[in-house]
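**Q** Dropping the structure in here first, questions after.
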Amino acid sequence: MEPDDFTLMEEVRADREGAFETFVERYQRRLYRLAYGYLHNHEDALDAVQETMVRIYTARARYRPRSRPFTWASRILANHCIDQIRYRRARPSDSLETAQEARPGRDLLAAPSDATPETEQARLDQWRLVEDAVARLPETQRAVFTLRHFEEMSLQEIAAARGCALGTVKSSLHRAAAAVRDRLLGSRKAAEEAGS
Amino acid sequence: MGRMGRECRRARDGMPLHYYAVLDERARQALERHLDGCAACARFWDETRRLLGSVAPSLAFPREAEVDWERFALETARRARAAAPGKSRGIFGHAPGLPAALGWAGAAAAVLLAVGLAVVLRRPAPAFPPGTPGAEATGQSARVLQEGLARQGAARYLRDSRSILVNLLQGPVRCRKGGGDLDVALEKERSRDLLRRKNLFEGTLDGLRDRRLATLVAQLEPLLLQVSSLSDCAAAQQIRDLREEIEKRQILLRIDLMTREVARSRFRA
């Protein structure tokens, strides 16, 4: 049976063999998505995850179980990403690659290498619609919807992460999903009308 | 709206929770009964499922699926361990959460263990008999893994170094303190940080067999040392000298070519 988050963190602190590998495997994708949200760059997000894990490992003795390990990890990640963003702002000529990637309209850059320009454009268009629909949600609904859809967290996990009742999560998700669906439907109808 | 309209509205209202499979049992049964008898709501339910199903991580994180996460986790853990020795605990230090006395006991045990290991290691290693298929396969896969990790560690090091050098050469701003000098405090700090972090790569760089990559990594160290020893407000002449040296050796171009070469194979699932 997989250890729960706190037990796993205790095992990491105690240097139990394989515990840190399990820790990395458990959180790396969620941290990647968070990092991607900050940095909008695949390679930078991977670097940020590795950097965060290195910091976590070297600082593991300082972890206190007041907060959940993922919350702690995501705070470390956020600090790292904010430093990176500040650095980019201070030095916009960071590198040719990043300069190219930072071009307007390339915020979701880096299409999968096997994607055709058409499929990538379709994905980008669809994402813009979703992003817009999600951005219009009230804060709580937006957070719950994002955690469910992009972090793939269960409703129980969301309730624990946000420190609220399961019923609150359900009702927020219900409203958010209905609003997103209605906006996506509305956008599609508008596009169909414009096309006809 | 009549009775049927109210039922349709109620059914459509319950669809989002039904999508997440958290509708309570009674409501779920009522919704499914309604969908069996109402073609318009059934179509709307299909639409709801399709639209909410399209809001998936692959939409927001298109390259996530390209990463071999298992391998990434192994490399990350390895890097973290390479960064940790001697930092989190000293030779007479102790593991988190253990009393200090145990630290001394641990140190004594370590001495005994070292003596024991020295005796054991003088004997020939048993493992697989040389030439057996098991020995060859294990050795080969370990070498492949080590080489891959080494290349990626080196590429990261090159990329970070390149970023510092590009900034230094293209983007220095006038120093507020001294007239005419260039503010390189940030690059200096990053160089120091990178040289410190070189410990992270050292473990993996041991396995580096690509001579071009190893040469480039070796050539960068004196450059970074030079940057880290500049004063916060460096003289323009110092930066010019540095630029000449970098251009003479075509360092940036070589880093670009090398990192692209490594990136082509990086974390491919």
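Note on naming: chains are A, B, ... as they come in the structure tokens, residues start from 1 per chain, ligands start from 1 in the order shown.
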May I have the residues within 7 Å of stretch 149-159 of chain A as a list in words, using only C-alpha atoms and disregarding those fewer than 3 positions away in the same chain?
**A**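 The contact residues come out as Arg30, Val144, Phe145, Thr146, Arg162, Gly163, Cys164, Ala165, Leu166 and Val169 of chain A; Val55, Ala56 and Pro57 of chain B.
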**Q** Name the residues in contact with B:Glu64 at a cut-off of 9 Å, using only C-alpha atoms, excluding same-chain residues fewer than 2 positions from it; report them as a PyMOL selection string.
**A** (chain A and resi 29+32-33+42+112) or (chain B and resi 57-58+61-62+66-67)
**Q** Excluding B:Asp13 and residues on its chain fewer than 4 positions from it, collect all residues at most 9 Å away from it, counting only C-alpha atoms, and give them as a ChimeraX atom specification.
**A** /A:174,178 /B:8-9,17
**Q** Filtering to C-alpha atoms, could you give me those residues as a short mmCIF file (atom, residue, chain, number, x, y, z; two decimals), in the first residue's frame?
**A**
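And here's part-v6.cif as it stands now:
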data_model
loop_
_atom_site.label_atom_id
_atom_site.label_comp_id
_atom_site.auth_asym_id
_atom_site.auth_seq_id
_atom_site.Cartn_x
_atom_site.Cartn_y
_atom_site.Cartn_z
CA HIS A 174 -21.13 22.08 -10.36
CA ALA A 178 -22.07 24.41 -16.02
CA CYS B 8 -35.60 18.91 -18.63
CA ARG B 9 -34.26 21.87 -16.66
CA LEU B 17 -22.33 16.48 -11.24
#
**Q** What's around stretch 233-238 of chain B at 6 Å? Count only C-alpha atoms, leave out sequence neighbours fewer than 3 positions away in its own chain, and write the answer as a list in words.
**A**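 Neighbouring residues, sequence-local ones excluded: Cys175, Asp181, Leu182, Asp183 and Asp241 of chain B.
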**Q** Just the selected residues (N, CA and C atoms), exported as a PDB file, in the first residue's frame, please.
**A**
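The file below, result-v2.pdb, is the result:
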ATOM      1  N   CYS B 175      26.281  50.911 -14.230  1.00  0.00           N
ATOM      2  CA  CYS B 175      26.222  50.783 -12.778  1.00  0.00           C
ATOM      3  C   CYS B 175      25.769  52.101 -12.155  1.00  0.00           C
ATOM      4  N   ASP B 181      30.956  52.230 -15.434  1.00  0.00           N
ATOM      5  CA  ASP B 181      31.129  50.789 -15.259  1.00  0.00           C
ATOM      6  C   ASP B 181      29.813  50.049 -15.472  1.00  0.00           C
ATOM      7  N   LEU B 182      29.923  48.746 -15.655  1.00  0.00           N
ATOM      8  CA  LEU B 182      28.729  47.959 -15.975  1.00  0.00           C
ATOM      9  C   LEU B 182      28.289  47.106 -14.786  1.00  0.00           C
ATOM     10  N   ASP B 183      26.988  47.075 -14.606  1.00  0.00           N
ATOM     11  CA  ASP B 183      26.432  46.332 -13.468  1.00  0.00           C
ATOM     12  C   ASP B 183      26.341  44.848 -13.830  1.00  0.00           C
ATOM     13  N   ASP B 241      37.197  41.994 -22.874  1.00  0.00           N
ATOM     14  CA  ASP B 241      38.173  40.883 -22.883  1.00  0.00           C
ATOM     15  C   ASP B 241      37.465  39.539 -22.850  1.00  0.00           C
TER      16      ASP B 241
END
**Q** Show me a table, sorted first by chain and then by increasing residue number, of the residues of chain B having an atom at most 8 Å from chain A, each with its shortest atom pair and the distance in Å to one decimal, counting only C-alpha atoms and written as a Markdown table.
**A**
| residue | atom | partner | partner_atom | distance |
| --- | --- | --- | --- | --- |
| B:Asp13 | CA | A:Ala178 | CA | 7.8 |
| B:Pro16 | CA | A:His174 | CA | 5.6 |
| B:Leu17 | CA | A:His174 | CA | 5.8 |
| B:Val22 | CA | A:Lys170 | CA | 7.9 |
| B:Thr48 | CA | A:Arg181 | CA | 6.5 |
| B:Leu51 | CA | A:Arg181 | CA | 6.3 |
| B:Leu52 | CA | A:Arg181 | CA | 6.6 |
| B:Val55 | CA | A:His149 | CA | 6.6 |
| B:Ala56 | CA | A:His149 | CA | 5.9 |
| B:Pro57 | CA | A:Phe150 | CA | 4.9 |
| B:Leu59 | CA | A:Trp127 | CA | 6.1 |
| B:Ala60 | CA | A:Trp127 | CA | 6.7 |
| B:Phe61 | CA | A:Arg33 | CA | 7.1 |
| B:Pro62 | CA | A:Pro112 | CA | 6.3 |
| B:Arg63 | CA | A:Pro112 | CA | 5.5 |
| B:Glu64 | CA | A:His42 | CA | 7.8 |
| B:Glu66 | CA | A:Pro112 | CA | 7.5 |
| B:Trp69 | CA | A:Glu25 | CA | 7.5 |
| B:Glu70 | CA | A:Glu25 | CA | 7.1 |
| B:Ala73 | CA | A:Glu25 | CA | 5.7 |
| B:Leu74 | CA | A:Glu21 | CA | 6.6 |
| B:Thr76 | CA | A:Gln50 | CA | 5.5 |
| B:Ala77 | CA | A:Glu21 | CA | 5.8 |
| B:Arg79 | CA | A:Val54 | CA | 6.8 |
| B:Ala80 | CA | A:Val54 | CA | 4.2 |
| B:Arg81 | CA | A:Tyr57 | CA | 7.4 |
| B:Ala83 | CA | A:Val54 | CA | 7.0 |
| B:Ala84 | CA | A:Thr58 | CA | 5.4 |
| B:Lys87 | CA | A:Thr58 | CA | 7.3 |
| B:Ser88 | CA | A:Thr58 | CA | 6.1 |
| B:Ala95 | CA | A:Ala14 | CA | 6.9 |
| B:Pro96 | CA | A:Ala61 | CA | 5.2 |
| B:Gly97 | CA | A:Ala61 | CA | 7.8 |
| B:Arg162 | CA | A:Ser95 | CA | 7.8 |
| B:Ser163 | CA | A:Asp94 | CA | 5.7 |
| B:Ile164 | CA | A:Asp94 | CA | 7.8 |
| B:Val166 | CA | A:Ser95 | CA | 6.5 |
| B:Asn167 | CA | A:Asp94 | CA | 5.7 |
| B:Gln170 | CA | A:Ser93 | CA | 7.1 |
| B:Gly171 | CA | A:Ser93 | CA | 6.5 |
**Q** Keeping only C-alpha atoms, take the residues you just selected and write them out as a PDB file, in the first residue's frame.
**A**
ATOM      1  CA  ASP B  13     -28.887  21.084 -14.031  1.00  0.00           C
ATOM      2  CA  PRO B  16     -22.263  18.468 -14.480  1.00  0.00           C
ATOM      3  CA  LEU B  17     -22.334  16.481 -11.240  1.00  0.00           C
ATOM      4  CA  VAL B  22     -20.889  12.533  -7.785  1.00  0.00           C
ATOM      5  CA  THR B  48     -21.838  18.206 -21.989  1.00  0.00           C
ATOM      6  CA  LEU B  51     -17.165  19.619 -23.893  1.00  0.00           C
ATOM      7  CA  LEU B  52     -16.093  18.855 -20.338  1.00  0.00           C
ATOM      8  CA  VAL B  55     -10.948  20.280 -20.940  1.00  0.00           C
ATOM      9  CA  ALA B  56      -8.035  17.952 -20.266  1.00  0.00           C
ATOM     10  CA  PRO B  57      -4.416  18.465 -19.205  1.00  0.00           C
ATOM     11  CA  LEU B  59      -4.925  20.816 -23.877  1.00  0.00           C
ATOM     12  CA  ALA B  60      -3.042  23.001 -21.441  1.00  0.00           C
ATOM     13  CA  PHE B  61       0.220  21.037 -21.267  1.00  0.00           C
ATOM     14  CA  PRO B  62       0.766  19.751 -24.767  1.00  0.00           C
ATOM     15  CA  ARG B  63       4.296  18.462 -24.237  1.00  0.00           C
ATOM     16  CA  GLU B  64       3.768  16.756 -20.915  1.00  0.00           C
ATOM     17  CA  GLU B  66       6.521  13.609 -24.345  1.00  0.00           C
ATOM     18  CA  TRP B  69       8.523  10.651 -16.219  1.00  0.00           C
ATOM     19  CA  GLU B  70       9.994   7.526 -14.731  1.00  0.00           C
ATOM     20  CA  ALA B  73      12.210  11.043 -11.560  1.00  0.00           C
ATOM     21  CA  LEU B  74      15.336   8.904 -11.397  1.00  0.00           C
ATOM     22  CA  THR B  76      15.903  14.243 -10.456  1.00  0.00           C
ATOM     23  CA  ALA B  77      16.470  12.081  -7.376  1.00  0.00           C
ATOM     24  CA  ARG B  79      20.681  15.171  -8.909  1.00  0.00           C
ATOM     25  CA  ALA B  80      19.160  15.947  -5.536  1.00  0.00           C
ATOM     26  CA  ARG B  81      21.369  13.370  -3.840  1.00  0.00           C
ATOM     27  CA  ALA B  83      23.632  18.138  -4.281  1.00  0.00           C
ATOM     28  CA  ALA B  84      23.109  17.009  -0.723  1.00  0.00           C
ATOM     29  CA  LYS B  87      25.263  19.929   3.374  1.00  0.00           C
ATOM     30  CA  SER B  88      22.439  18.399   5.282  1.00  0.00           C
ATOM     31  CA  ALA B  95      19.920  12.536  10.645  1.00  0.00           C
ATOM     32  CA  PRO B  96      16.838  14.735  11.058  1.00  0.00           C
ATOM     33  CA  GLY B  97      14.907  13.870  14.127  1.00  0.00           C
ATOM     34  CA  ARG B 162      25.139  30.211 -21.888  1.00  0.00           C
ATOM     35  CA  SER B 163      22.333  32.225 -20.384  1.00  0.00           C
ATOM     36  CA  ILE B 164      24.767  33.964 -18.035  1.00  0.00           C
ATOM     37  CA  VAL B 166      24.676  36.013 -23.197  1.00  0.00           C
ATOM     38  CA  ASN B 167      23.352  38.392 -20.571  1.00  0.00           C
ATOM     39  CA  GLN B 170      24.486  41.692 -24.531  1.00  0.00           C
ATOM     40  CA  GLY B 171      22.557  43.148 -21.683  1.00  0.00           C
TER      41      GLY B 171
END
**Q** To one decimal place in Å, what is the distance between atom CA of B:Arg240 and atom CA of A:Asp83?
**A**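 Straight-line distance from atom CA of B:Arg240 to atom CA of A:Asp83 works out to 28.2 Å.
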**Q** Quick check, in Å to one decimal: how far apart do atom CA of B:Leu168 and atom CA of B:Ile239 lie?
**A** 7.6 Å
**Q** Any idea what the distance is between atom CA of B:Glu7 and atom CA of A:Pro138?
**A**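 Calculated distance between atom CA of B:Glu7 and atom CA of A:Pro138 is 28.1 Å.
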**Q** Point out the residue among A:Arg64, A:Leu31, A:Ala133, A:Leu39 with the least atom-to-atom distance to A:Leu77, counting only C-alpha atoms.
**A**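 Once distances to A:Leu77 are computed over only C-alpha atoms, the minimum belongs to A:Leu31.
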**Q** Residues within 8 Å of stretch 210-221 of chain B, please, as an MDAnalysis selection string. Count only C-alpha atoms; anything in the same chain fewer than 5 positions from it doesn't count.
**A** chainID B and resid 151 154 157:158 161 195 205 251 254:255 258
**Q** Could those residues be written to a file, using C-alpha atoms, as a CSV table (one decimal), in the first residue's frame?
**A**
chain,number,residue,atom,x,y,z
B,151,ARG,CA,24.7,14.1,-21.2
B,154,ALA,CA,26.1,18.5,-19.0
B,157,TYR,CA,25.0,23.1,-17.2
B,158,LEU,CA,25.8,24.4,-20.7
B,161,SER,CA,26.2,29.0,-18.5
B,195,LEU,CA,29.7,26.8,-9.9
B,205,LEU,CA,29.7,14.1,-15.5
B,251,ILE,CA,31.7,29.1,-27.1
B,254,ARG,CA,29.2,25.4,-29.7
B,255,ILE,CA,26.9,25.4,-26.7
B,258,MET,CA,25.7,20.7,-28.4
